[in-house]
There are 2 protein chains.
Amino acid sequence: MTTQQYYSLTPETVITYVHQRPQLAGIFHPGESLEAVEVGDGNLNLVFKVWARADHKRTVVIKQALPYVRLVGDSWPLPTDRARIEAAALEIHARFVPQHTPKVYDFDPVMFAITMQHLDEHLIMRKGLIQGIKYPLFARHIGLFLARTLANTSDLVLDYKTKKEEVARFINPELCKITEDLVFTEPYRQVERNLFHKELEPQVLALQADEALRAEVAQMKEKFMTQAQCLVHGDLHTGSIMVNQTETYAIDPEFAFYGPMAFDIGAVIANLLLSYASHEVRTPDPDKRADFRQYLTASIIELWQVFSREFQPVWDQVDPINMPKAYQDGYMLRLLQDTAGMAACKMMRRVIGLAGVEDIRGIQDVHERAIAGSLALNIARALIMNRGQVSSIDHIVELATAARPTYPWTA
Amino acid sequence: MTTQQYYSLTPETVITYVHQRPQLAGIFHPGESLEAVEVGDGNLNLVFKVWARADHKRTVVIKQALPYVRLVGDSWPLPTDRARIEAAALEIHARFVPQHTPKVYDFDPVMFAITMQHLDEHLIMRKGLIQGIKYPLFARHIGLFLARTLANTSDLVLDYKTKKEEVARFINPELCKITEDLVFTEPYRQVERNLFHKELEPQVLALQADEALRAEVAQMKEKFMTQAQCLVHGDLHTGSIMVNQTETYAIDPEFAFYGPMAFDIGAVIANLLLSYASHEVRTPDPDKRADFRQYLTASIIELWQVFSREFQPVWDQVDPINMPKAYQDGYMLRLLQDTAGMAACKMMRRVIGLAGVEDIRGIQDVHERAIAGSLALNIARALIMNRGQVSSIDHIVELATAARPTYPWTA
C-alpha cells in the first residue's frame, strides 16, 4: 500500500494510512493500536475519526475528497482539487481567526485528504438548533469570523497583486457550479431534481411563476458569478459550524472562492431563519417558541453588529481621501442589502431544491413540515423583494418576523 | 544574434529579427531587402513598421513590450507578460470581430513581440477627431465590436468552467494597477504626478474637495477591481482605435482583463466627450463647432443603440425563466449607468492626471486649454453625480451638452 496513488480510504485502510504519514508522527506513536470510524454525513466526502486506543484524547479527523458527489453517486463526477482549495482556505482562516478554525495537521495532495483537529467536544450547530439549544457566544464568534476572513482577503487589505493572484489560485469552477445550479437556478423552475412536498406545490408554483422574484434571484446569481470581492467560505450553513457553549468553529470551506461577502453572511442568516421557521412547528409551546426565536433574531442582529464593529479597523486604515466616509457607509449598506438577497436564495433552495436541511425536511409530520416550509418561503420572499429598501439589520429581522406561513390556507 | 533571450529591438536589429522568424516567411522572402522605422508614441512599448523595399505593400508592424514604462523610464518596471495578454486578447477579438481586429502573424513569447497587420491606410482616431474629421461608420463598428467582444466573453455565453479559467488566464495585475492609480486614485487627491495647468487649479481643488464625488469614484474603482464580468479591452480610448472612412480597428489590448463591460464602453464615450470639450476652443466657428459636436453626440447615441441591438441575440439565447425580461432590462440599465460613471472617471483623469490626451493638452493657448479642460471636468461631474438616475443614452448626452466651462469665471 502506498500513497503515491489515489484510492478511497476505508475504516481499515485509514489506520495504515495514518501510520504512513510522517506529518502525524507527533500525534500517534509508530505502530500503536488505533481505531477508526467513518462518520461522513455530507454529500461530497469520506470523513473518518481516528483515535489512539490507549488514549482517546489523541484523535484526528481525516476528510478525503471523493471523485464524485456522494449523494448522487459516480454519475456526477467532481474534481478532488477541492481538497486543495479547502486546505488553502483553512490555512488562511487559521491566520485570521485561529480560535474558530480547526487545526490542520496534514494535507495530502495525492490522496486529497486533510487530517485535522477532531472537534470532539462540539456539536454540529444545526443539530443543536433543532433541539432548541442556544449558543450565547455564537453570534459574536461568527461575526468576528466573517469580519476577519472577508475583510482581510479583500482589496481593502490585500495589495493589488496578491489579491489578483489569490483570485486565480481559488478558482473553483465545479463547486461554484453546484451553487449556481442548486441555489440560483433550479429552485425557480420546474426541475426533476427539486424536492418538495405535494402540500407545498401551489406555493412553489406561484413563486416560480413570479417574474419579479426571478429577476431578483438572477441579480444575486450574477453577483455570485462575477463579484470577486474576497475569499468566501462558500458554504457557511449551520451544518458547517461546530459549536458548544464556549467555542465556535467554521469547518468545510471546500466551496471557497473569490466571491461576494454577502454570500457568506447571507448563508448564516438564512440558516438561523430556517431554524426560526422550523420552530413554528418544532416548538408547539408558544412561550418556549417565542423565547427561542428571540434568541435566533437577537443572534442575527448581534452577528451583524459584531461584523460591522470588527470590520471598522479595516475602514480605519484605508485612505479616507479615496475612500471617504460616504463610500464606506454605502459599502456597508450595499453589503447588508445583498446579504438579504443572498439569505433569501439560500432559504428558498433549502425548501424547494435538491439539498434540504434537517431543520425542515426532518419534521416527521407532512402537514407540519409544509407549514415550516411555507413560512421559510415567505420569509425569503419578503427579504429578496424588499432588499433594495433594507436600511438596517433590524429591518431584516422585522421583515422576517412579520412573515406567516401561507399553508394550509391557500393549499 | 538569437531569439532565445530577450533584447530591445532597434530599427537595425528588427530586420534581422524578421528574417529569423519562420512565421513571417510567407510575407517576406528570405534575405530580401527590408526597411524599418520605430514609430511608437505610446508609453509602454517599441513599435516598428517594417516593409519590403521592393514592395511597400508587404509590410508588418512589430510591437515589442519594454520591461519598463517608457514615459517614465526604467524606474517603473513593468512585466513583459502583457505581450502575452495582448496576443491572447487579439486572438479572442479576431474570433468575434475579425473585421475590427488587426491580424496577428506571430507572437514571440521570448522577445514579447507581436508581429501584426500594418494598418497603413488608417489613422489613429484621436488625430482625426482633433482635425474635425468625421468617421460615419465608427459608431456602428465600435458598437458591434463592444457587443461581440464583451457579451461573448461573459457568463451569458461562456460555460461556467471556461469563464473561470479565462479569468485566471487574464489576470493582469501590473497593468490593472496602472489604471487603478491613474484613473481611479491620483486625480482625486493631491499627488505630485498629477499634471494640470495653474489656471485650472481652483476647479481641480474644488473637485478634489468634493466628498460625494470621491465616494462615487470609489464605487467605480471597486467595480473595476471586483466585477469580473467579461474580457475587457481595458484601454479603449481613441488612441487605441485606427480608422478611416470605411474601416475601424481596435488595437493595443495589453490592458485586457476580466472586468466590467462599462469600463470599455465608458472609455469610448469619454474620449468622444473629451473631443467634444476640446472643440469648444479648437473650432471657433459656431456653425462648424455645432456640426462636429452633433456628429460626436450622435455617435455616442448610435454606438449604444448598436451595442444594445447587437447584444440582443445573446439575450435571445439565454434561458428566459432564470433570466426573465425584467432582469435583462435591469442588466442593460445598470450597464448604462455604470458606463456614465466610468466615462466620467476616464475624462477626469485625462484633465487632472499624469497621462493626458492630445485633444486637450495639445491646445497651444493656455487660456483656451483651460476652457476645454474646465468643460471636460464639468461634463464628467454631471455624468458621475447623476449616474444613478440615468435612464437612457440620450439622457447621458443631455447631461453632457448641458455642461459649460467654469473657467475663467471662477478662476
# chains A, B, ... in the order shown; residues from 1 in each chain; ligands from 1
$ closest_atom_pairs --of "chain A" --to "chain B" --cutoff "6 Å" --atoms "only C-alpha atoms" --output "CSV"
residue,atom,partner,partner_atom,distance
A:Lys161,CA,B:Pro173,CA,5.3
A:Ala168,CA,B:Ala168,CA,4.6
A:Pro173,CA,B:Lys161,CA,5.3
A:Ala215,CA,B:Tyr327,CA,4.5
A:Ala218,CA,B:Met323,CA,5.9
A:Thr226,CA,B:Ala228,CA,4.8
A:Gln227,CA,B:Gln227,CA,4.9
A:Ala228,CA,B:Thr226,CA,4.8
A:Gln229,CA,B:Thr226,CA,5.4
A:Met323,CA,B:Ala218,CA,5.9
A:Pro324,CA,B:Ala215,CA,6.0
A:Ala326,CA,B:Ala215,CA,5.9
A:Tyr327,CA,B:Ala215,CA,4.5
$ calpha_fit_and_write --fixed "chain B" --moving "chain A" --output "short mmCIF file (atom, residue, chain, number, x, y, z; two decimals) with C-alpha atoms, in the first residue's frame"
data_model
loop_
_atom_site.label_atom_id
_atom_site.label_comp_id
_atom_site.auth_asym_id
_atom_site.auth_seq_id
_atom_site.Cartn_x
_atom_site.Cartn_y
_atom_site.Cartn_z
CA MET A 1 22.05 37.06 -32.60
CA THR A 2 19.37 34.75 -31.28
CA THR A 3 15.78 34.98 -30.07
CA GLN A 4 16.49 32.65 -27.18
CA GLN A 5 16.90 35.68 -24.96
CA TYR A 6 15.10 38.99 -24.68
CA TYR A 7 16.69 42.17 -26.00
CA SER A 8 15.22 45.50 -27.07
CA LEU A 9 14.82 45.73 -30.81
CA THR A 10 16.14 48.67 -32.84
CA PRO A 11 15.31 49.68 -36.43
CA GLU A 12 18.47 47.80 -37.40
CA THR A 13 18.07 44.59 -35.40
CA VAL A 14 14.37 44.31 -36.16
CA ILE A 15 15.16 43.50 -39.80
CA THR A 16 17.41 40.60 -38.86
CA TYR A 17 14.75 39.54 -36.36
CA VAL A 18 12.04 39.46 -39.03
CA HIS A 19 14.16 37.26 -41.28
CA GLN A 20 14.74 34.83 -38.42
CA ARG A 21 11.05 34.20 -37.75
CA PRO A 22 9.71 31.30 -39.80
CA GLN A 23 6.19 32.58 -39.04
CA LEU A 24 6.90 35.60 -41.28
CA ALA A 25 8.36 33.68 -44.22
CA GLY A 26 5.01 33.95 -46.02
CA ILE A 27 5.30 37.72 -46.07
CA PHE A 28 8.98 38.46 -46.66
CA HIS A 29 11.34 36.51 -48.94
CA PRO A 30 14.46 35.08 -47.35
CA GLY A 31 17.18 37.69 -47.15
CA GLU A 32 15.31 40.33 -49.15
CA SER A 33 15.99 43.98 -48.45
CA LEU A 34 13.71 45.42 -45.77
CA GLU A 35 13.25 48.84 -44.26
CA ALA A 36 12.14 49.67 -40.74
CA VAL A 37 11.31 52.64 -38.61
CA GLU A 38 10.38 52.97 -34.95
CA VAL A 39 7.08 54.82 -34.56
CA GLY A 40 5.98 54.11 -30.98
CA ASP A 41 4.25 57.08 -29.42
CA GLY A 42 2.64 55.18 -26.57
CA ASN A 43 4.05 54.80 -23.13
CA LEU A 44 4.89 51.17 -22.78
CA ASN A 45 6.30 49.69 -25.95
CA LEU A 46 8.53 49.84 -28.99
CA VAL A 47 6.60 49.83 -32.25
CA PHE A 48 8.28 49.23 -35.61
CA LYS A 49 6.97 49.44 -39.11
CA VAL A 50 8.81 47.04 -41.41
CA TRP A 51 8.32 46.76 -45.16
CA ALA A 52 9.88 45.16 -48.23
CA ARG A 53 11.91 47.68 -50.16
CA ALA A 54 10.73 46.06 -53.39
CA ASP A 55 7.04 46.15 -52.43
CA HIS A 56 5.78 48.53 -49.77
CA LYS A 57 2.50 46.64 -49.61
CA ARG A 58 4.28 43.76 -47.92
CA THR A 59 4.54 45.34 -44.54
CA VAL A 60 4.03 44.47 -40.87
CA VAL A 61 4.00 46.20 -37.52
CA ILE A 62 6.06 44.72 -34.70
CA LYS A 63 5.17 45.72 -31.18
CA GLN A 64 7.63 44.81 -28.48
CA ALA A 65 6.87 45.18 -24.78
CA LEU A 66 9.55 47.02 -22.85
CA PRO A 67 10.27 45.92 -19.31
CA TYR A 68 9.50 49.42 -17.98
CA VAL A 69 7.06 52.28 -18.56
CA ARG A 70 8.56 54.18 -21.47
CA LEU A 71 7.08 57.50 -20.41
CA VAL A 72 8.73 57.34 -16.99
CA GLY A 73 11.82 55.24 -17.65
CA ASP A 74 13.30 52.19 -16.04
CA SER A 75 12.45 53.43 -12.55
CA TRP A 76 8.96 52.00 -13.25
CA PRO A 77 9.43 48.37 -14.18
CA LEU A 78 6.55 46.60 -15.90
CA PRO A 79 6.29 42.91 -16.66
CA THR A 80 6.52 42.00 -20.32
CA ASP A 81 3.80 39.39 -19.66
CA ARG A 82 1.41 41.98 -21.05
CA ALA A 83 2.52 40.98 -24.56
CA ARG A 84 1.09 37.50 -23.89
CA ILE A 85 -2.13 39.12 -22.66
CA GLU A 86 -2.34 41.32 -25.74
CA ALA A 87 -1.75 38.44 -28.13
CA ALA A 88 -4.36 36.32 -26.34
CA ALA A 89 -6.90 39.17 -26.36
CA LEU A 90 -6.30 39.86 -30.07
CA GLU A 91 -6.92 36.18 -30.78
CA ILE A 92 -10.28 36.38 -29.00
CA HIS A 93 -11.22 39.64 -30.72
CA ALA A 94 -10.34 38.09 -34.08
CA ARG A 95 -12.72 35.26 -33.31
CA PHE A 96 -15.69 37.57 -32.76
CA VAL A 97 -14.92 40.67 -34.85
CA PRO A 98 -12.15 39.85 -37.34
CA GLN A 99 -13.16 42.90 -39.38
CA HIS A 100 -12.19 45.19 -36.48
CA THR A 101 -9.07 43.37 -35.25
CA PRO A 102 -5.57 43.59 -36.74
CA LYS A 103 -4.34 40.22 -38.00
CA VAL A 104 -1.63 38.68 -35.82
CA TYR A 105 1.09 36.92 -37.82
CA ASP A 106 3.39 35.95 -34.99
CA PHE A 107 3.68 36.14 -31.22
CA ASP A 108 7.16 35.62 -29.82
CA PRO A 109 6.99 34.80 -26.10
CA VAL A 110 10.75 35.21 -25.66
CA MET A 111 11.01 38.68 -27.17
CA PHE A 112 7.49 39.67 -26.01
CA ALA A 113 6.92 40.80 -29.55
CA ILE A 114 3.75 40.67 -31.64
CA THR A 115 4.01 40.93 -35.40
CA MET A 116 0.75 42.06 -36.89
CA GLN A 117 -1.09 43.66 -39.76
CA HIS A 118 0.21 47.13 -40.63
CA LEU A 119 -2.88 49.35 -40.79
CA ASP A 120 -1.25 51.71 -43.25
CA GLU A 121 -4.46 53.13 -44.67
CA HIS A 122 -5.82 54.14 -41.29
CA LEU A 123 -5.31 57.00 -38.90
CA ILE A 124 -5.32 56.96 -35.12
CA MET A 125 -8.84 58.18 -34.47
CA ARG A 126 -7.80 60.80 -31.94
CA LYS A 127 -5.72 62.58 -34.57
CA GLY A 128 -8.67 62.58 -36.93
CA LEU A 129 -11.07 63.93 -34.33
CA ILE A 130 -8.64 66.71 -33.47
CA GLN A 131 -8.76 67.75 -37.12
CA GLY A 132 -12.54 67.63 -37.09
CA ILE A 133 -12.77 64.60 -39.37
CA LYS A 134 -15.99 62.61 -39.09
CA TYR A 135 -16.00 58.82 -39.30
CA PRO A 136 -19.56 57.95 -40.28
CA LEU A 137 -19.19 54.20 -39.71
CA PHE A 138 -17.24 54.37 -36.48
CA ALA A 139 -20.20 54.25 -34.09
CA ARG A 140 -21.71 51.26 -35.84
CA HIS A 141 -18.37 49.45 -35.94
CA ILE A 142 -17.37 50.09 -32.34
CA GLY A 143 -20.87 49.27 -31.09
CA LEU A 144 -20.58 45.91 -32.79
CA PHE A 145 -17.03 45.41 -31.51
CA LEU A 146 -18.16 46.10 -27.94
CA ALA A 147 -21.26 43.91 -28.11
CA ARG A 148 -19.46 40.94 -29.61
CA THR A 149 -16.29 41.02 -27.52
CA LEU A 150 -17.97 41.80 -24.21
CA ALA A 151 -21.05 39.58 -24.44
CA ASN A 152 -19.21 36.57 -25.84
CA THR A 153 -16.64 36.52 -23.04
CA SER A 154 -19.21 36.89 -20.25
CA ASP A 155 -21.12 34.31 -18.22
CA LEU A 156 -24.05 34.96 -20.56
CA VAL A 157 -22.26 32.98 -23.27
CA LEU A 158 -19.26 31.13 -21.86
CA ASP A 159 -19.79 27.93 -19.90
CA TYR A 160 -19.11 28.11 -16.16
CA LYS A 161 -15.70 26.48 -16.42
CA THR A 162 -14.22 28.31 -19.39
CA LYS A 163 -15.26 31.64 -17.92
CA LYS A 164 -13.44 30.98 -14.65
CA GLU A 165 -10.34 29.64 -16.39
CA GLU A 166 -10.29 32.72 -18.61
CA VAL A 167 -10.47 34.98 -15.53
CA ALA A 168 -7.33 33.25 -14.25
CA ARG A 169 -5.55 33.33 -17.63
CA PHE A 170 -6.16 37.06 -17.99
CA ILE A 171 -5.13 38.24 -14.55
CA ASN A 172 -3.10 41.30 -15.39
CA PRO A 173 -2.10 42.84 -12.06
CA GLU A 174 0.51 45.36 -13.14
CA LEU A 175 -1.51 46.90 -15.96
CA CYS A 176 -4.66 46.98 -13.82
CA LYS A 177 -2.64 48.72 -11.14
CA ILE A 178 -1.75 51.50 -13.59
CA THR A 179 -5.46 52.05 -14.23
CA GLU A 180 -6.32 51.82 -10.54
CA ASP A 181 -3.76 54.52 -9.80
CA LEU A 182 -4.04 56.82 -12.82
CA VAL A 183 -7.79 56.64 -13.43
CA PHE A 184 -9.33 55.99 -10.03
CA THR A 185 -6.91 57.25 -7.38
CA GLU A 186 -4.47 60.01 -8.21
CA PRO A 187 -6.70 62.56 -9.98
CA TYR A 188 -8.87 62.92 -6.87
CA ARG A 189 -6.09 63.82 -4.46
CA GLN A 190 -2.98 65.94 -4.41
CA VAL A 191 -0.29 63.82 -6.05
CA GLU A 192 2.92 65.10 -7.54
CA ARG A 193 2.42 63.14 -10.76
CA ASN A 194 -0.84 64.94 -11.54
CA LEU A 195 -0.46 67.33 -14.43
CA PHE A 196 -2.82 70.21 -14.97
CA HIS A 197 -2.48 73.89 -15.59
CA LYS A 198 -2.31 76.54 -12.92
CA GLU A 199 -5.40 78.10 -14.51
CA LEU A 200 -7.47 75.03 -13.70
CA GLU A 201 -6.24 74.69 -10.15
CA PRO A 202 -9.27 76.21 -8.39
CA GLN A 203 -11.62 73.86 -10.22
CA VAL A 204 -9.39 70.83 -9.62
CA LEU A 205 -9.10 71.65 -5.92
CA ALA A 206 -12.87 72.05 -5.63
CA LEU A 207 -13.38 68.71 -7.35
CA GLN A 208 -10.85 67.01 -5.09
CA ALA A 209 -12.57 68.54 -2.05
CA ASP A 210 -15.93 67.08 -3.05
CA GLU A 211 -16.46 64.03 -0.85
CA ALA A 212 -19.67 62.97 -2.60
CA LEU A 213 -17.82 62.85 -5.91
CA ARG A 214 -14.94 60.91 -4.39
CA ALA A 215 -17.42 58.41 -2.96
CA GLU A 216 -18.81 57.82 -6.47
CA VAL A 217 -15.32 57.42 -7.91
CA ALA A 218 -14.52 54.90 -5.16
CA GLN A 219 -17.55 52.86 -6.20
CA MET A 220 -16.39 52.84 -9.81
CA LYS A 221 -12.92 51.80 -8.67
CA GLU A 222 -14.43 48.98 -6.62
CA LYS A 223 -16.30 47.75 -9.68
CA PHE A 224 -13.14 47.94 -11.76
CA MET A 225 -11.30 45.85 -9.16
CA THR A 226 -13.98 43.27 -8.35
CA GLN A 227 -16.49 42.90 -11.20
CA ALA A 228 -15.16 40.00 -13.29
CA GLN A 229 -17.90 40.35 -15.88
CA CYS A 230 -16.12 39.73 -19.20
CA LEU A 231 -12.85 40.22 -21.06
CA VAL A 232 -12.50 43.97 -21.46
CA HIS A 233 -10.05 45.70 -23.78
CA GLY A 234 -9.06 47.83 -20.82
CA ASP A 235 -7.71 50.86 -22.68
CA LEU A 236 -10.23 51.62 -25.42
CA HIS A 237 -9.58 55.32 -25.91
CA THR A 238 -9.47 56.94 -29.35
CA GLY A 239 -5.69 56.47 -29.41
CA SER A 240 -6.33 52.70 -29.45
CA ILE A 241 -8.65 52.92 -32.44
CA MET A 242 -7.48 53.08 -36.06
CA VAL A 243 -10.01 54.39 -38.56
CA ASN A 244 -10.75 55.64 -42.01
CA GLN A 245 -14.01 56.37 -43.76
CA THR A 246 -14.85 52.69 -44.21
CA GLU A 247 -12.98 50.67 -41.57
CA THR A 248 -12.42 50.65 -37.81
CA TYR A 249 -9.84 48.64 -35.87
CA ALA A 250 -9.37 48.33 -32.11
CA ILE A 251 -5.68 47.86 -31.32
CA ASP A 252 -3.45 47.51 -28.25
CA PRO A 253 -5.49 45.38 -25.80
CA GLU A 254 -2.52 44.87 -23.46
CA PHE A 255 -4.61 46.12 -20.52
CA ALA A 256 -7.14 43.34 -21.15
CA PHE A 257 -8.52 41.52 -18.10
CA TYR A 258 -11.84 40.27 -16.76
CA GLY A 259 -13.55 43.46 -15.68
CA PRO A 260 -16.76 45.46 -16.11
CA MET A 261 -18.24 45.98 -19.58
CA ALA A 262 -18.94 49.57 -18.58
CA PHE A 263 -15.22 50.28 -18.45
CA ASP A 264 -14.75 49.75 -22.20
CA ILE A 265 -17.98 51.43 -23.28
CA GLY A 266 -17.25 54.32 -20.91
CA ALA A 267 -13.75 54.70 -22.35
CA VAL A 268 -15.08 55.23 -25.87
CA ILE A 269 -17.76 57.67 -24.75
CA ALA A 270 -15.28 59.55 -22.54
CA ASN A 271 -12.96 60.11 -25.44
CA LEU A 272 -15.75 61.32 -27.73
CA LEU A 273 -16.74 63.75 -24.98
CA LEU A 274 -13.13 64.87 -24.49
CA SER A 275 -13.14 65.69 -28.19
CA TYR A 276 -16.48 67.46 -27.70
CA ALA A 277 -14.92 69.57 -24.93
CA SER A 278 -11.79 70.31 -26.96
CA HIS A 279 -13.77 71.72 -29.87
CA GLU A 280 -15.11 74.40 -27.53
CA VAL A 281 -11.88 76.15 -28.45
CA ARG A 282 -10.45 74.08 -31.31
CA THR A 283 -13.34 75.05 -33.61
CA PRO A 284 -14.09 78.74 -33.12
CA ASP A 285 -16.70 78.90 -35.91
CA PRO A 286 -20.02 78.27 -34.12
CA ASP A 287 -21.72 76.51 -37.03
CA LYS A 288 -18.77 74.21 -37.67
CA ARG A 289 -18.48 73.53 -33.95
CA ALA A 290 -22.14 72.70 -33.60
CA ASP A 291 -21.96 70.48 -36.65
CA PHE A 292 -18.97 68.47 -35.40
CA ARG A 293 -20.42 68.20 -31.92
CA GLN A 294 -23.63 66.97 -33.43
CA TYR A 295 -21.58 64.24 -35.10
CA LEU A 296 -19.92 63.34 -31.77
CA THR A 297 -23.13 63.17 -29.72
CA ALA A 298 -24.97 61.30 -32.48
CA SER A 299 -22.08 58.83 -32.50
CA ILE A 300 -22.45 58.29 -28.75
CA ILE A 301 -26.15 57.60 -29.14
CA GLU A 302 -25.63 55.37 -32.16
CA LEU A 303 -22.86 53.31 -30.58
CA TRP A 304 -25.07 52.50 -27.59
CA GLN A 305 -28.02 51.70 -29.86
CA VAL A 306 -25.88 49.40 -31.98
CA PHE A 307 -24.36 47.87 -28.88
CA SER A 308 -27.83 47.12 -27.44
CA ARG A 309 -29.11 45.75 -30.72
CA GLU A 310 -26.08 43.53 -31.25
CA PHE A 311 -26.29 42.37 -27.62
CA GLN A 312 -29.88 41.24 -28.17
CA PRO A 313 -29.04 37.89 -29.82
CA VAL A 314 -27.30 36.95 -26.58
CA TRP A 315 -30.42 37.73 -24.58
CA ASP A 316 -32.45 35.79 -27.12
CA GLN A 317 -30.47 32.64 -26.36
CA VAL A 318 -30.39 32.81 -22.55
CA ASP A 319 -32.98 30.95 -20.55
CA PRO A 320 -35.88 33.39 -20.02
CA ILE A 321 -37.07 31.51 -16.94
CA ASN A 322 -33.88 32.14 -15.00
CA MET A 323 -33.07 35.42 -16.76
CA PRO A 324 -36.50 36.97 -17.29
CA LYS A 325 -37.08 40.14 -19.30
CA ALA A 326 -37.11 42.26 -16.14
CA TYR A 327 -33.61 41.05 -15.33
CA GLN A 328 -32.37 41.63 -18.87
CA ASP A 329 -33.71 45.19 -18.87
CA GLY A 330 -32.20 45.82 -15.44
CA TYR A 331 -28.84 44.47 -16.62
CA MET A 332 -28.72 46.87 -19.56
CA LEU A 333 -29.82 49.81 -17.41
CA ARG A 334 -27.18 49.10 -14.75
CA LEU A 335 -24.65 48.81 -17.55
CA LEU A 336 -25.65 52.20 -18.94
CA GLN A 337 -25.45 53.83 -15.51
CA ASP A 338 -22.04 52.30 -14.82
CA THR A 339 -20.93 53.44 -18.27
CA ALA A 340 -21.73 57.03 -17.30
CA GLY A 341 -19.64 56.63 -14.14
CA MET A 342 -16.70 54.99 -15.88
CA ALA A 343 -16.74 57.60 -18.68
CA ALA A 344 -16.60 60.34 -16.06
CA CYS A 345 -13.54 58.82 -14.36
CA LYS A 346 -11.78 58.41 -17.70
CA MET A 347 -12.45 62.08 -18.53
CA MET A 348 -11.28 63.48 -15.20
CA ARG A 349 -8.03 61.54 -15.29
CA ARG A 350 -7.23 62.92 -18.75
CA VAL A 351 -7.52 66.50 -17.50
CA ILE A 352 -6.02 66.15 -14.02
CA GLY A 353 -3.81 63.06 -14.07
CA LEU A 354 -0.38 62.12 -15.38
CA ALA A 355 -1.44 60.88 -18.81
CA GLY A 356 -3.42 63.47 -20.75
CA VAL A 357 -4.87 63.43 -24.23
CA GLU A 358 -3.67 65.48 -27.15
CA ASP A 359 -7.24 66.72 -27.81
CA ILE A 360 -6.90 68.93 -24.74
CA ARG A 361 -3.24 69.00 -23.73
CA GLY A 362 -2.28 69.74 -27.32
CA ILE A 363 -4.16 73.06 -27.32
CA GLN A 364 -1.44 75.67 -27.61
CA ASP A 365 -3.05 78.61 -25.85
CA VAL A 366 -3.04 78.14 -22.09
CA HIS A 367 -6.29 80.03 -21.65
CA GLU A 368 -8.09 78.01 -24.32
CA ARG A 369 -6.68 74.78 -22.95
CA ALA A 370 -8.10 75.66 -19.53
CA ILE A 371 -11.53 76.33 -21.03
CA ALA A 372 -11.59 72.92 -22.71
CA GLY A 373 -10.29 71.20 -19.56
CA SER A 374 -12.84 72.99 -17.41
CA LEU A 375 -15.67 71.90 -19.69
CA ALA A 376 -14.42 68.29 -19.69
CA LEU A 377 -14.39 68.28 -15.88
CA ASN A 378 -17.91 69.68 -15.71
CA ILE A 379 -19.24 67.09 -18.16
CA ALA A 380 -17.59 64.37 -16.09
CA ARG A 381 -19.06 65.74 -12.88
CA ALA A 382 -22.55 65.81 -14.38
CA LEU A 383 -22.21 62.20 -15.55
CA ILE A 384 -20.90 60.70 -12.35
CA MET A 385 -23.14 62.63 -9.95
CA ASN A 386 -26.27 61.77 -11.94
CA ARG A 387 -25.24 58.22 -12.77
CA GLY A 388 -27.92 56.60 -10.61
CA GLN A 389 -30.70 58.52 -12.37
CA VAL A 390 -29.49 57.93 -15.93
CA SER A 391 -32.31 56.26 -17.82
CA SER A 392 -31.19 56.35 -21.46
CA ILE A 393 -28.24 57.15 -23.68
CA ASP A 394 -29.99 60.39 -24.72
CA HIS A 395 -30.02 61.31 -21.05
CA ILE A 396 -26.23 60.94 -20.93
CA VAL A 397 -25.87 63.17 -23.98
CA GLU A 398 -28.23 65.74 -22.44
CA LEU A 399 -26.15 65.84 -19.27
CA ALA A 400 -22.99 66.34 -21.32
CA THR A 401 -24.35 69.03 -23.64
CA ALA A 402 -25.86 70.99 -20.75
CA ALA A 403 -22.43 71.40 -19.13
CA ARG A 404 -20.43 74.61 -19.55
CA PRO A 405 -16.84 75.50 -18.71
CA THR A 406 -16.37 77.11 -15.31
CA TYR A 407 -13.08 78.72 -16.31
CA PRO A 408 -12.37 81.60 -16.37
CA TRP A 409 -15.37 82.87 -14.37
CA THR A 410 -14.43 81.28 -11.08
CA ALA A 411 -10.68 81.27 -11.62
#
$ select_by_dssp --residues "segment 175-377 of chain A" --states "strand (DSSP E or B)" --output "list in words"
Gln227, Cys230, Leu231, Val232, Ile241, Met242, Val243, Thr248, Tyr249, Ala250, Phe257, Tyr258 and Gly259 of chain A
$ select_by_dssp --residues "segment 69-238 of chain A" --states "alpha helix (DSSP H)" --output "MDAnalysis selection string"
chainID A and resid 82:96 125:130 138:151 160:169 173:182 201:208 211:226
